[in-house]
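Q: File data19.txt follows (compact mmCIF, N, CA and C atoms):
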```txt
# COMPACT_ATOMS: atom_id res chain seq x y z
N MET Y 273 -29.56 74.86 115.16
CA MET Y 273 -28.40 74.53 114.38
C MET Y 273 -28.76 73.38 113.42
N THR Y 274 -28.36 73.52 112.14
CA THR Y 274 -28.68 72.54 111.11
C THR Y 274 -27.46 71.69 110.84
N LEU Y 275 -27.68 70.40 110.71
CA LEU Y 275 -26.61 69.47 110.42
C LEU Y 275 -26.50 69.31 108.90
N VAL Y 276 -25.31 69.56 108.34
CA VAL Y 276 -25.07 69.46 106.90
C VAL Y 276 -24.06 68.34 106.67
N ARG Y 277 -24.44 67.43 105.81
CA ARG Y 277 -23.54 66.31 105.50
C ARG Y 277 -22.42 66.78 104.56
N TYR Y 278 -21.25 66.26 104.78
CA TYR Y 278 -20.10 66.56 103.92
C TYR Y 278 -20.19 65.71 102.66
N ASN Y 279 -20.08 66.35 101.50
CA ASN Y 279 -20.12 65.65 100.23
C ASN Y 279 -18.80 65.90 99.49
N PRO Y 280 -17.87 64.91 99.51
CA PRO Y 280 -16.57 65.12 98.86
C PRO Y 280 -16.71 65.26 97.33
N TRP Y 281 -17.73 64.68 96.72
CA TRP Y 281 -17.91 64.75 95.27
C TRP Y 281 -18.21 66.18 94.82
N GLN Y 282 -18.86 66.94 95.66
CA GLN Y 282 -19.17 68.33 95.31
C GLN Y 282 -17.89 69.13 95.13
N GLU Y 283 -16.91 68.92 96.00
CA GLU Y 283 -15.64 69.62 95.87
C GLU Y 283 -14.86 69.14 94.65
N LEU Y 284 -14.91 67.84 94.36
CA LEU Y 284 -14.22 67.31 93.18
C LEU Y 284 -14.85 67.85 91.90
N ASN Y 285 -16.17 67.96 91.86
CA ASN Y 285 -16.84 68.53 90.69
C ASN Y 285 -16.44 69.98 90.47
N ALA Y 286 -16.34 70.74 91.55
CA ALA Y 286 -15.92 72.14 91.43
C ALA Y 286 -14.48 72.22 90.91
N LEU Y 287 -13.61 71.34 91.40
CA LEU Y 287 -12.22 71.31 90.93
C LEU Y 287 -12.17 70.94 89.45
N GLN Y 288 -12.98 69.97 89.02
CA GLN Y 288 -13.01 69.57 87.61
C GLN Y 288 -13.44 70.74 86.72
N ARG Y 289 -14.44 71.51 87.16
CA ARG Y 289 -14.88 72.67 86.38
C ARG Y 289 -13.76 73.71 86.26
N GLN Y 290 -13.01 73.91 87.33
CA GLN Y 290 -11.90 74.87 87.28
C GLN Y 290 -10.81 74.40 86.31
N ILE Y 291 -10.50 73.13 86.35
CA ILE Y 291 -9.48 72.59 85.45
C ILE Y 291 -9.95 72.70 84.01
N ASP Y 292 -11.22 72.41 83.74
CA ASP Y 292 -11.77 72.53 82.39
C ASP Y 292 -11.64 73.96 81.87
N ARG Y 293 -11.89 74.93 82.72
CA ARG Y 293 -11.78 76.34 82.31
C ARG Y 293 -10.34 76.71 81.94
N VAL Y 294 -9.36 76.13 82.64
CA VAL Y 294 -7.96 76.41 82.34
C VAL Y 294 -7.60 75.92 80.94
N PHE Y 295 -8.10 74.73 80.56
CA PHE Y 295 -7.73 74.12 79.28
C PHE Y 295 -8.65 74.49 78.12
N GLU Y 296 -9.65 75.32 78.32
CA GLU Y 296 -10.58 75.69 77.25
C GLU Y 296 -9.89 76.39 76.08
N ASP Y 297 -8.87 77.18 76.35
CA ASP Y 297 -8.24 77.96 75.29
C ASP Y 297 -7.10 77.23 74.58
N PHE Y 298 -6.81 76.00 74.99
CA PHE Y 298 -5.76 75.24 74.31
C PHE Y 298 -6.31 74.63 73.04
N PRO Y 299 -5.42 74.34 72.05
CA PRO Y 299 -5.88 73.75 70.80
C PRO Y 299 -6.43 72.34 71.00
N ALA Y 300 -7.01 71.82 69.94
CA ALA Y 300 -7.62 70.50 69.97
C ALA Y 300 -6.57 69.45 70.34
N PRO Y 301 -7.01 68.32 70.86
CA PRO Y 301 -6.04 67.29 71.26
C PRO Y 301 -5.28 66.72 70.06
N ILE Y 302 -4.16 66.10 70.35
CA ILE Y 302 -3.29 65.57 69.30
C ILE Y 302 -4.02 64.53 68.46
N SER Y 303 -4.92 63.75 69.05
CA SER Y 303 -5.61 62.71 68.29
C SER Y 303 -6.44 63.29 67.15
N ALA Y 304 -6.79 64.56 67.23
CA ALA Y 304 -7.57 65.18 66.15
C ALA Y 304 -6.72 65.36 64.90
N LYS Y 305 -5.38 65.29 65.03
CA LYS Y 305 -4.50 65.48 63.90
C LYS Y 305 -4.37 64.20 63.06
N VAL Y 306 -4.83 63.09 63.57
CA VAL Y 306 -4.72 61.81 62.88
C VAL Y 306 -6.08 61.46 62.28
N PRO Y 307 -6.12 61.14 60.99
CA PRO Y 307 -7.42 60.83 60.38
C PRO Y 307 -8.01 59.54 60.95
N ALA Y 308 -9.33 59.54 61.14
CA ALA Y 308 -10.03 58.36 61.62
C ALA Y 308 -10.07 57.31 60.52
N ALA Y 309 -9.96 56.04 60.91
CA ALA Y 309 -9.94 54.96 59.94
C ALA Y 309 -10.97 53.91 60.28
N GLU Y 310 -11.40 53.19 59.24
CA GLU Y 310 -12.34 52.08 59.40
C GLU Y 310 -11.87 50.96 58.48
N LEU Y 311 -11.69 49.76 59.05
CA LEU Y 311 -11.25 48.60 58.28
C LEU Y 311 -12.35 47.57 58.21
N HIS Y 312 -12.55 46.97 57.05
CA HIS Y 312 -13.52 45.89 56.87
C HIS Y 312 -12.83 44.81 56.03
N GLU Y 313 -12.79 43.59 56.57
CA GLU Y 313 -12.08 42.51 55.88
C GLU Y 313 -13.07 41.49 55.35
N THR Y 314 -12.87 41.09 54.10
CA THR Y 314 -13.65 40.02 53.48
C THR Y 314 -12.68 38.91 53.07
N GLU Y 315 -13.21 37.87 52.47
CA GLU Y 315 -12.36 36.76 52.00
C GLU Y 315 -11.38 37.23 50.94
N GLU Y 316 -11.81 38.16 50.09
CA GLU Y 316 -11.02 38.58 48.94
C GLU Y 316 -10.12 39.80 49.19
N ALA Y 317 -10.55 40.71 50.09
CA ALA Y 317 -9.83 41.98 50.21
C ALA Y 317 -10.03 42.61 51.59
N ILE Y 318 -9.22 43.63 51.84
CA ILE Y 318 -9.39 44.50 53.01
C ILE Y 318 -9.85 45.85 52.47
N HIS Y 319 -10.92 46.38 53.05
CA HIS Y 319 -11.45 47.68 52.64
C HIS Y 319 -11.13 48.68 53.74
N LEU Y 320 -10.43 49.75 53.36
CA LEU Y 320 -10.00 50.77 54.30
C LEU Y 320 -10.64 52.10 53.93
N LYS Y 321 -11.27 52.73 54.92
CA LYS Y 321 -11.83 54.08 54.74
C LYS Y 321 -11.10 55.02 55.68
N LEU Y 322 -10.69 56.16 55.15
CA LEU Y 322 -10.06 57.20 55.96
C LEU Y 322 -10.83 58.49 55.82
N GLU Y 323 -11.02 59.16 56.93
CA GLU Y 323 -11.75 60.43 56.96
C GLU Y 323 -10.73 61.56 56.86
N LEU Y 324 -10.78 62.31 55.75
CA LEU Y 324 -9.81 63.39 55.50
C LEU Y 324 -10.52 64.67 55.09
N PRO Y 325 -11.36 65.24 55.95
CA PRO Y 325 -12.09 66.45 55.54
C PRO Y 325 -11.15 67.63 55.33
N GLY Y 326 -11.44 68.41 54.30
CA GLY Y 326 -10.65 69.60 54.04
C GLY Y 326 -9.35 69.34 53.31
N VAL Y 327 -9.10 68.09 52.91
CA VAL Y 327 -7.87 67.76 52.20
C VAL Y 327 -8.22 67.54 50.73
N GLU Y 328 -7.46 68.16 49.85
CA GLU Y 328 -7.68 67.97 48.42
C GLU Y 328 -6.91 66.73 47.97
N ALA Y 329 -7.41 66.08 46.91
CA ALA Y 329 -6.79 64.85 46.41
C ALA Y 329 -5.33 65.08 46.02
N LYS Y 330 -5.00 66.25 45.51
CA LYS Y 330 -3.62 66.52 45.09
C LYS Y 330 -2.66 66.63 46.29
N ASP Y 331 -3.21 66.80 47.49
CA ASP Y 331 -2.39 66.90 48.70
C ASP Y 331 -2.26 65.58 49.44
N LEU Y 332 -2.71 64.48 48.81
CA LEU Y 332 -2.63 63.15 49.41
C LEU Y 332 -1.46 62.37 48.83
N ASP Y 333 -0.75 61.65 49.68
CA ASP Y 333 0.31 60.75 49.25
C ASP Y 333 0.04 59.41 49.92
N ILE Y 334 -0.23 58.37 49.12
CA ILE Y 334 -0.60 57.07 49.64
C ILE Y 334 0.45 56.06 49.22
N GLU Y 335 1.01 55.35 50.20
CA GLU Y 335 1.99 54.30 49.92
C GLU Y 335 1.46 53.00 50.52
N VAL Y 336 1.49 51.92 49.72
CA VAL Y 336 0.98 50.64 50.18
C VAL Y 336 2.07 49.59 50.04
N THR Y 337 2.41 48.94 51.16
CA THR Y 337 3.30 47.79 51.13
C THR Y 337 2.42 46.55 51.23
N ASN Y 338 3.03 45.37 51.29
CA ASN Y 338 2.19 44.17 51.36
C ASN Y 338 1.58 43.93 52.74
N ASN Y 339 1.96 44.74 53.75
CA ASN Y 339 1.36 44.56 55.08
C ASN Y 339 1.02 45.86 55.81
N ALA Y 340 1.05 47.00 55.11
CA ALA Y 340 0.70 48.27 55.75
C ALA Y 340 0.33 49.32 54.71
N VAL Y 341 -0.41 50.33 55.18
CA VAL Y 341 -0.79 51.46 54.34
C VAL Y 341 -0.32 52.72 55.05
N LYS Y 342 0.36 53.59 54.30
CA LYS Y 342 0.82 54.88 54.85
C LYS Y 342 0.16 55.99 54.06
N VAL Y 343 -0.52 56.87 54.78
CA VAL Y 343 -1.17 58.01 54.16
C VAL Y 343 -0.57 59.28 54.74
N VAL Y 344 -0.05 60.12 53.85
CA VAL Y 344 0.49 61.42 54.24
C VAL Y 344 -0.36 62.46 53.54
N ALA Y 345 -0.83 63.45 54.30
CA ALA Y 345 -1.69 64.47 53.73
C ALA Y 345 -1.34 65.82 54.33
N GLU Y 346 -1.80 66.85 53.63
CA GLU Y 346 -1.58 68.21 54.13
C GLU Y 346 -2.86 69.00 53.98
N ARG Y 347 -3.28 69.58 55.08
CA ARG Y 347 -4.45 70.46 55.05
C ARG Y 347 -3.95 71.89 55.05
N LYS Y 348 -4.22 72.59 53.96
CA LYS Y 348 -3.75 73.96 53.80
C LYS Y 348 -4.61 74.90 54.65
N SER Y 349 -3.96 75.88 55.23
CA SER Y 349 -4.71 76.84 56.05
C SER Y 349 -5.34 77.91 55.17
N GLU Y 350 -6.49 78.34 55.61
CA GLU Y 350 -7.16 79.44 54.91
C GLU Y 350 -6.66 80.74 55.51
N THR Y 351 -6.40 81.71 54.68
CA THR Y 351 -5.92 82.99 55.19
C THR Y 351 -7.11 83.88 55.52
N LYS Y 352 -7.20 84.26 56.79
CA LYS Y 352 -8.30 85.12 57.22
C LYS Y 352 -7.71 86.36 57.86
N THR Y 353 -8.30 87.47 57.56
CA THR Y 353 -7.89 88.68 58.25
C THR Y 353 -9.15 89.34 58.81
N GLU Y 354 -9.06 89.69 60.05
CA GLU Y 354 -10.17 90.38 60.70
C GLU Y 354 -9.63 91.66 61.31
N ASP Y 355 -10.41 92.71 61.16
CA ASP Y 355 -9.96 93.98 61.71
C ASP Y 355 -10.10 94.01 63.22
N ASN Y 356 -11.24 93.59 63.69
CA ASN Y 356 -11.43 93.57 65.14
C ASN Y 356 -12.15 92.28 65.51
N GLY Y 357 -12.13 91.96 66.76
CA GLY Y 357 -12.74 90.71 67.19
C GLY Y 357 -11.67 89.67 67.43
N ARG Y 358 -12.14 88.50 67.78
CA ARG Y 358 -11.23 87.43 68.13
C ARG Y 358 -11.61 86.18 67.37
N THR Y 359 -10.64 85.42 66.92
CA THR Y 359 -10.90 84.16 66.21
C THR Y 359 -10.32 83.03 67.02
N ARG Y 360 -11.13 81.99 67.21
CA ARG Y 360 -10.66 80.78 67.89
C ARG Y 360 -10.86 79.63 66.92
N SER Y 361 -9.81 78.89 66.66
CA SER Y 361 -9.90 77.78 65.72
C SER Y 361 -9.36 76.52 66.35
N GLU Y 362 -10.10 75.41 66.21
CA GLU Y 362 -9.64 74.10 66.65
C GLU Y 362 -9.26 73.24 65.45
N PHE Y 363 -9.27 73.82 64.27
CA PHE Y 363 -8.88 73.10 63.07
C PHE Y 363 -7.38 72.89 63.10
N TYR Y 364 -6.95 71.76 62.59
CA TYR Y 364 -5.52 71.50 62.49
C TYR Y 364 -5.11 71.71 61.04
N TYR Y 365 -4.13 72.55 60.83
CA TYR Y 365 -3.58 72.80 59.51
C TYR Y 365 -2.15 72.31 59.49
N GLY Y 366 -1.76 71.77 58.39
CA GLY Y 366 -0.40 71.30 58.26
C GLY Y 366 -0.35 69.86 57.79
N LYS Y 367 0.84 69.28 57.87
CA LYS Y 367 1.08 67.94 57.36
C LYS Y 367 0.86 66.92 58.48
N PHE Y 368 0.26 65.79 58.13
CA PHE Y 368 0.10 64.70 59.08
C PHE Y 368 0.18 63.39 58.32
N GLN Y 369 0.42 62.31 59.07
CA GLN Y 369 0.50 61.01 58.44
C GLN Y 369 -0.05 59.95 59.37
N ARG Y 370 -0.43 58.83 58.77
CA ARG Y 370 -0.91 57.69 59.54
C ARG Y 370 -0.46 56.41 58.83
N VAL Y 371 0.09 55.50 59.60
CA VAL Y 371 0.48 54.19 59.09
C VAL Y 371 -0.45 53.17 59.72
N ILE Y 372 -1.12 52.39 58.87
CA ILE Y 372 -2.09 51.41 59.35
C ILE Y 372 -1.57 50.02 59.00
N PRO Y 373 -1.22 49.22 60.03
CA PRO Y 373 -0.79 47.86 59.76
C PRO Y 373 -1.99 47.01 59.34
N LEU Y 374 -1.76 46.08 58.44
CA LEU Y 374 -2.84 45.23 57.93
C LEU Y 374 -2.73 43.83 58.52
N SER Y 375 -3.86 43.18 58.69
CA SER Y 375 -3.90 41.86 59.32
C SER Y 375 -3.57 40.73 58.34
N ALA Y 376 -3.53 41.03 57.06
CA ALA Y 376 -3.22 40.02 56.04
C ALA Y 376 -2.32 40.64 54.98
N ARG Y 377 -1.57 39.79 54.30
CA ARG Y 377 -0.70 40.29 53.21
C ARG Y 377 -1.58 40.60 52.00
N ILE Y 378 -1.23 41.68 51.32
CA ILE Y 378 -2.04 42.11 50.18
C ILE Y 378 -1.19 42.24 48.91
N GLN Y 379 -1.88 42.27 47.79
CA GLN Y 379 -1.22 42.52 46.51
C GLN Y 379 -1.18 44.04 46.32
N ASN Y 380 -0.08 44.65 46.66
CA ASN Y 380 -0.03 46.12 46.63
C ASN Y 380 0.01 46.69 45.21
N THR Y 381 0.11 45.84 44.20
CA THR Y 381 0.09 46.34 42.83
C THR Y 381 -1.33 46.45 42.27
N ASP Y 382 -2.32 45.89 42.97
CA ASP Y 382 -3.71 45.90 42.49
C ASP Y 382 -4.65 46.72 43.37
N VAL Y 383 -4.13 47.68 44.10
CA VAL Y 383 -4.95 48.49 45.01
C VAL Y 383 -5.81 49.46 44.21
N LYS Y 384 -7.08 49.57 44.62
CA LYS Y 384 -7.99 50.53 43.98
C LYS Y 384 -8.30 51.62 45.00
N ALA Y 385 -8.29 52.88 44.54
CA ALA Y 385 -8.53 54.02 45.43
C ALA Y 385 -9.61 54.91 44.85
N GLU Y 386 -10.42 55.45 45.76
CA GLU Y 386 -11.46 56.42 45.39
C GLU Y 386 -11.49 57.49 46.49
N TYR Y 387 -11.54 58.76 46.08
CA TYR Y 387 -11.58 59.86 47.04
C TYR Y 387 -12.74 60.77 46.69
N LYS Y 388 -13.71 60.85 47.60
CA LYS Y 388 -14.88 61.68 47.36
C LYS Y 388 -15.39 62.24 48.69
N ASP Y 389 -15.71 63.53 48.71
CA ASP Y 389 -16.28 64.21 49.87
C ASP Y 389 -15.46 64.02 51.14
N GLY Y 390 -14.14 64.02 51.00
CA GLY Y 390 -13.28 63.92 52.17
C GLY Y 390 -13.12 62.51 52.72
N ILE Y 391 -13.60 61.50 51.99
CA ILE Y 391 -13.47 60.11 52.42
C ILE Y 391 -12.61 59.37 51.39
N LEU Y 392 -11.53 58.77 51.86
CA LEU Y 392 -10.66 57.97 51.01
C LEU Y 392 -11.04 56.51 51.19
N ASN Y 393 -11.39 55.83 50.10
CA ASN Y 393 -11.73 54.41 50.12
C ASN Y 393 -10.64 53.64 49.37
N LEU Y 394 -10.02 52.69 50.05
CA LEU Y 394 -9.02 51.84 49.43
C LEU Y 394 -9.50 50.39 49.46
N THR Y 395 -9.40 49.72 48.33
CA THR Y 395 -9.68 48.29 48.26
C THR Y 395 -8.35 47.60 48.07
N LEU Y 396 -7.97 46.80 49.05
CA LEU Y 396 -6.66 46.16 49.09
C LEU Y 396 -6.84 44.64 48.92
N PRO Y 397 -6.66 44.11 47.70
CA PRO Y 397 -6.88 42.68 47.47
C PRO Y 397 -5.83 41.83 48.18
N LYS Y 398 -6.27 40.72 48.77
CA LYS Y 398 -5.35 39.82 49.47
C LYS Y 398 -4.56 38.99 48.46
N THR Y 399 -3.38 38.55 48.89
CA THR Y 399 -2.59 37.65 48.05
C THR Y 399 -3.25 36.28 48.05
N GLU Y 400 -2.95 35.48 47.06
CA GLU Y 400 -3.55 34.15 46.95
C GLU Y 400 -3.28 33.31 48.19
N ALA Y 401 -2.10 33.44 48.78
CA ALA Y 401 -1.75 32.65 49.96
C ALA Y 401 -2.62 33.03 51.17
N GLU Y 402 -3.13 34.28 51.22
CA GLU Y 402 -3.92 34.74 52.35
C GLU Y 402 -5.39 34.37 52.24
N LYS Y 403 -5.86 34.14 51.04
CA LYS Y 403 -7.27 33.81 50.87
C LYS Y 403 -7.53 32.43 51.46
N ASN Y 404 -8.64 32.28 52.13
CA ASN Y 404 -8.99 30.98 52.72
C ASN Y 404 -9.49 30.05 51.63
N LYS Y 405 -8.64 29.15 51.25
CA LYS Y 405 -9.03 28.19 50.23
C LYS Y 405 -9.57 26.94 50.92
N VAL Y 406 -10.61 26.37 50.33
CA VAL Y 406 -11.17 25.12 50.84
C VAL Y 406 -10.68 24.02 49.93
N VAL Y 407 -10.04 23.03 50.53
CA VAL Y 407 -9.51 21.92 49.77
C VAL Y 407 -10.16 20.64 50.28
N LYS Y 408 -10.68 19.82 49.36
CA LYS Y 408 -11.30 18.55 49.73
C LYS Y 408 -10.19 17.53 49.97
N VAL Y 409 -10.26 16.88 51.10
CA VAL Y 409 -9.28 15.88 51.47
C VAL Y 409 -9.93 14.51 51.37
N ASN Y 410 -9.34 13.63 50.61
CA ASN Y 410 -9.84 12.27 50.48
C ASN Y 410 -9.12 11.36 51.47
N LEU Y 411 -9.88 10.58 52.20
CA LEU Y 411 -9.30 9.64 53.14
C LEU Y 411 -9.15 8.29 52.47
N GLN Y 412 -8.02 7.69 52.68
CA GLN Y 412 -7.79 6.35 52.15
C GLN Y 412 -8.41 5.35 53.12
N GLN Y 413 -9.19 4.43 52.61
CA GLN Y 413 -9.78 3.38 53.41
C GLN Y 413 -8.74 2.28 53.60
N PRO Y 414 -8.53 1.89 54.84
CA PRO Y 414 -7.54 0.82 55.04
C PRO Y 414 -8.04 -0.49 54.41
N ALA Y 415 -7.13 -1.26 53.88
CA ALA Y 415 -7.48 -2.55 53.25
C ALA Y 415 -7.88 -3.54 54.33
N VAL Y 416 -8.94 -4.28 54.10
CA VAL Y 416 -9.44 -5.23 55.08
C VAL Y 416 -8.94 -6.61 54.78
```
Have the structure of the file written as structure tokens, please.

A:
Amino acid sequence: MTLVRYNPWQELNALQRQIDRVFEDFPAPISAKVPAAELHETEEAIHLKLELPGVEAKDLDIEVTNNAVKVVAERKSETKTEDNGRTRSEFYYGKFQRVIPLSARIQNTDVKAEYKDGILNLTLPKTEAEKNKVVKVNLQQPAV
């Protein structure tokens, strides 16, 4: 008779594989519907990059307030017809939006935008009050 040790992880791994198989045919997760963003802040401005593959510039709506950026876009679906076979798509088609709060107040009238190869680049200049100004302070010497 052979002694076999019980391994609870083996049963959990088998259960995880079964659960994965159940969810394989569901669409992509909701987070895939929101464009990825990257923020870089300098003394003068905030630089925002948004990843919007498959979206044409005419389908973009960008609104900038002094403390947030709202991007609304629509990815149009491609019409495909197949006679036989099966199509599985994880692409998200339709309208989506993202509001990105900003860490500093900006001059929303001087925003520069560039859209190329599915990447939206926004340069958001800070207001004068937000820029770190260095001011020399003179100390008065007490009279002796």

Q: If you run DSSP over the backbone, which residues in segment 291-398 of chain Y end up alpha helix (DSSP H)? Put them as a PyMOL selection string.

A: chain Y and resi 291-295

Q: Record the distance separating atom CA of Ala340 of chain Y and atom CA of Pro373 of chain Y, expressed in Å with one decimal.

A: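 Value for the atom CA of Ala340 of chain Y-atom CA of Pro373 of chain Y distance: 4.3 Å.
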
Q: I need the residue nearest Thr337 of chain Y from this list: Y:Arg377, Y:Phe295, Y:Leu411, Y:Leu287. Use all atoms listed in the file for the distance.

A: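 Smallest distance to Thr337 of chain Y is found for Y:Arg377.
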
Q: Go through Y:Val276, Y:Leu284, Y:Ile318, Y:Leu324 one by one, measure the shortest atom-to-atom distance of each to Thr399 of chain Y using only C-alpha atoms, and give the residue with the smallest value.

A: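 With only C-alpha atoms as the atom set, the closest residue is Y:Ile318.
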
Q: Name the residues of chain Y that come out as strand (DSSP E) in a backbone DSSP run; write them as a PyMOL selection string.

A: chain Y and resi 309-313+317-323+332-336+340-347+366-373+384-388+391-397

Q: Just the residues within 8 Å of Gly366 of chain Y, please, counting all atoms listed in the file, with nothing from its chain fewer than 5 positions along; format it as a ChimeraX atom specification.

A: /Y:345-349

Q: Let me see the file: selected residues, N, CA and C atoms, as a PDB file, in the frame of the given file.

A:
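In the end it all went to result_29.pdb:
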```pdb
ATOM      1  N   ALA Y 345      -0.830  63.450  54.300  1.00  0.00           N
ATOM      2  CA  ALA Y 345      -1.690  64.470  53.730  1.00  0.00           C
ATOM      3  C   ALA Y 345      -1.340  65.820  54.330  1.00  0.00           C
ATOM      4  N   GLU Y 346      -1.800  66.850  53.630  1.00  0.00           N
ATOM      5  CA  GLU Y 346      -1.580  68.210  54.130  1.00  0.00           C
ATOM      6  C   GLU Y 346      -2.860  69.000  53.980  1.00  0.00           C
ATOM      7  N   ARG Y 347      -3.280  69.580  55.080  1.00  0.00           N
ATOM      8  CA  ARG Y 347      -4.450  70.460  55.050  1.00  0.00           C
ATOM      9  C   ARG Y 347      -3.950  71.890  55.050  1.00  0.00           C
ATOM     10  N   LYS Y 348      -4.220  72.590  53.960  1.00  0.00           N
ATOM     11  CA  LYS Y 348      -3.750  73.960  53.800  1.00  0.00           C
ATOM     12  C   LYS Y 348      -4.610  74.900  54.650  1.00  0.00           C
ATOM     13  N   SER Y 349      -3.960  75.880  55.230  1.00  0.00           N
ATOM     14  CA  SER Y 349      -4.710  76.840  56.050  1.00  0.00           C
ATOM     15  C   SER Y 349      -5.340  77.910  55.170  1.00  0.00           C
TER      16      SER Y 349
END
```

Q: May I ask which of the residues Y:Pro325, Y:Gly357, Y:Glu283, Y:Ile372 is the closest one to Lys342 of chain Y, counting only C-alpha atoms?

A: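 Closest to Lys342 of chain Y of all the choices is Y:Ile372.
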
Q: Which of these residues is nearest to His319 of chain Y, using all atoms listed in the file: Y:Tyr365, Y:Lys384, Y:Leu394, Y:Thr274?

A: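 Closest residue, counting all atoms listed in the file: Y:Leu394.
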
Q: Starting from the sparse input, extend segment 308-319 of chain Y to N, CA, C and O atoms and give the output as a JSON list (two decimals), keeping the file's coordinate frame.

A:
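And here's selection22.json as it stands now:
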```json
[["chain", "number", "residue", "atom", "x", "y", "z"],
["Y", 308, "ALA", "N", -9.33, 59.54, 61.14],
["Y", 308, "ALA", "CA", -10.03, 58.36, 61.62],
["Y", 308, "ALA", "C", -10.07, 57.31, 60.52],
["Y", 308, "ALA", "O", -10.19, 57.64, 59.34],
["Y", 309, "ALA", "N", -9.96, 56.04, 60.91],
["Y", 309, "ALA", "CA", -9.94, 54.96, 59.94],
["Y", 309, "ALA", "C", -10.97, 53.91, 60.28],
["Y", 309, "ALA", "O", -11.37, 53.75, 61.44],
["Y", 310, "GLU", "N", -11.40, 53.19, 59.24],
["Y", 310, "GLU", "CA", -12.34, 52.08, 59.40],
["Y", 310, "GLU", "C", -11.87, 50.96, 58.48],
["Y", 310, "GLU", "O", -11.66, 51.18, 57.29],
["Y", 311, "LEU", "N", -11.69, 49.76, 59.05],
["Y", 311, "LEU", "CA", -11.25, 48.60, 58.28],
["Y", 311, "LEU", "C", -12.35, 47.57, 58.21],
["Y", 311, "LEU", "O", -13.02, 47.31, 59.22],
["Y", 312, "HIS", "N", -12.55, 46.97, 57.05],
["Y", 312, "HIS", "CA", -13.52, 45.89, 56.87],
["Y", 312, "HIS", "C", -12.83, 44.81, 56.03],
["Y", 312, "HIS", "O", -12.34, 45.10, 54.94],
["Y", 313, "GLU", "N", -12.79, 43.59, 56.57],
["Y", 313, "GLU", "CA", -12.08, 42.51, 55.88],
["Y", 313, "GLU", "C", -13.07, 41.49, 55.35],
["Y", 313, "GLU", "O", -13.99, 41.06, 56.05],
["Y", 314, "THR", "N", -12.87, 41.09, 54.10],
["Y", 314, "THR", "CA", -13.65, 40.02, 53.48],
["Y", 314, "THR", "C", -12.68, 38.91, 53.07],
["Y", 314, "THR", "O", -11.47, 39.02, 53.29],
["Y", 315, "GLU", "N", -13.21, 37.87, 52.47],
["Y", 315, "GLU", "CA", -12.36, 36.76, 52.00],
["Y", 315, "GLU", "C", -11.38, 37.23, 50.94],
["Y", 315, "GLU", "O", -10.25, 36.76, 50.87],
["Y", 316, "GLU", "N", -11.81, 38.16, 50.09],
["Y", 316, "GLU", "CA", -11.02, 38.58, 48.94],
["Y", 316, "GLU", "C", -10.12, 39.80, 49.19],
["Y", 316, "GLU", "O", -9.09, 39.93, 48.55],
["Y", 317, "ALA", "N", -10.55, 40.71, 50.09],
["Y", 317, "ALA", "CA", -9.83, 41.98, 50.21],
["Y", 317, "ALA", "C", -10.03, 42.61, 51.59],
["Y", 317, "ALA", "O", -10.89, 42.20, 52.36],
["Y", 318, "ILE", "N", -9.22, 43.63, 51.84],
["Y", 318, "ILE", "CA", -9.39, 44.50, 53.01],
["Y", 318, "ILE", "C", -9.85, 45.85, 52.47],
["Y", 318, "ILE", "O", -9.26, 46.39, 51.54],
["Y", 319, "HIS", "N", -10.92, 46.38, 53.05],
["Y", 319, "HIS", "CA", -11.45, 47.68, 52.64],
["Y", 319, "HIS", "C", -11.13, 48.68, 53.74],
["Y", 319, "HIS", "O", -11.50, 48.49, 54.89]]
```
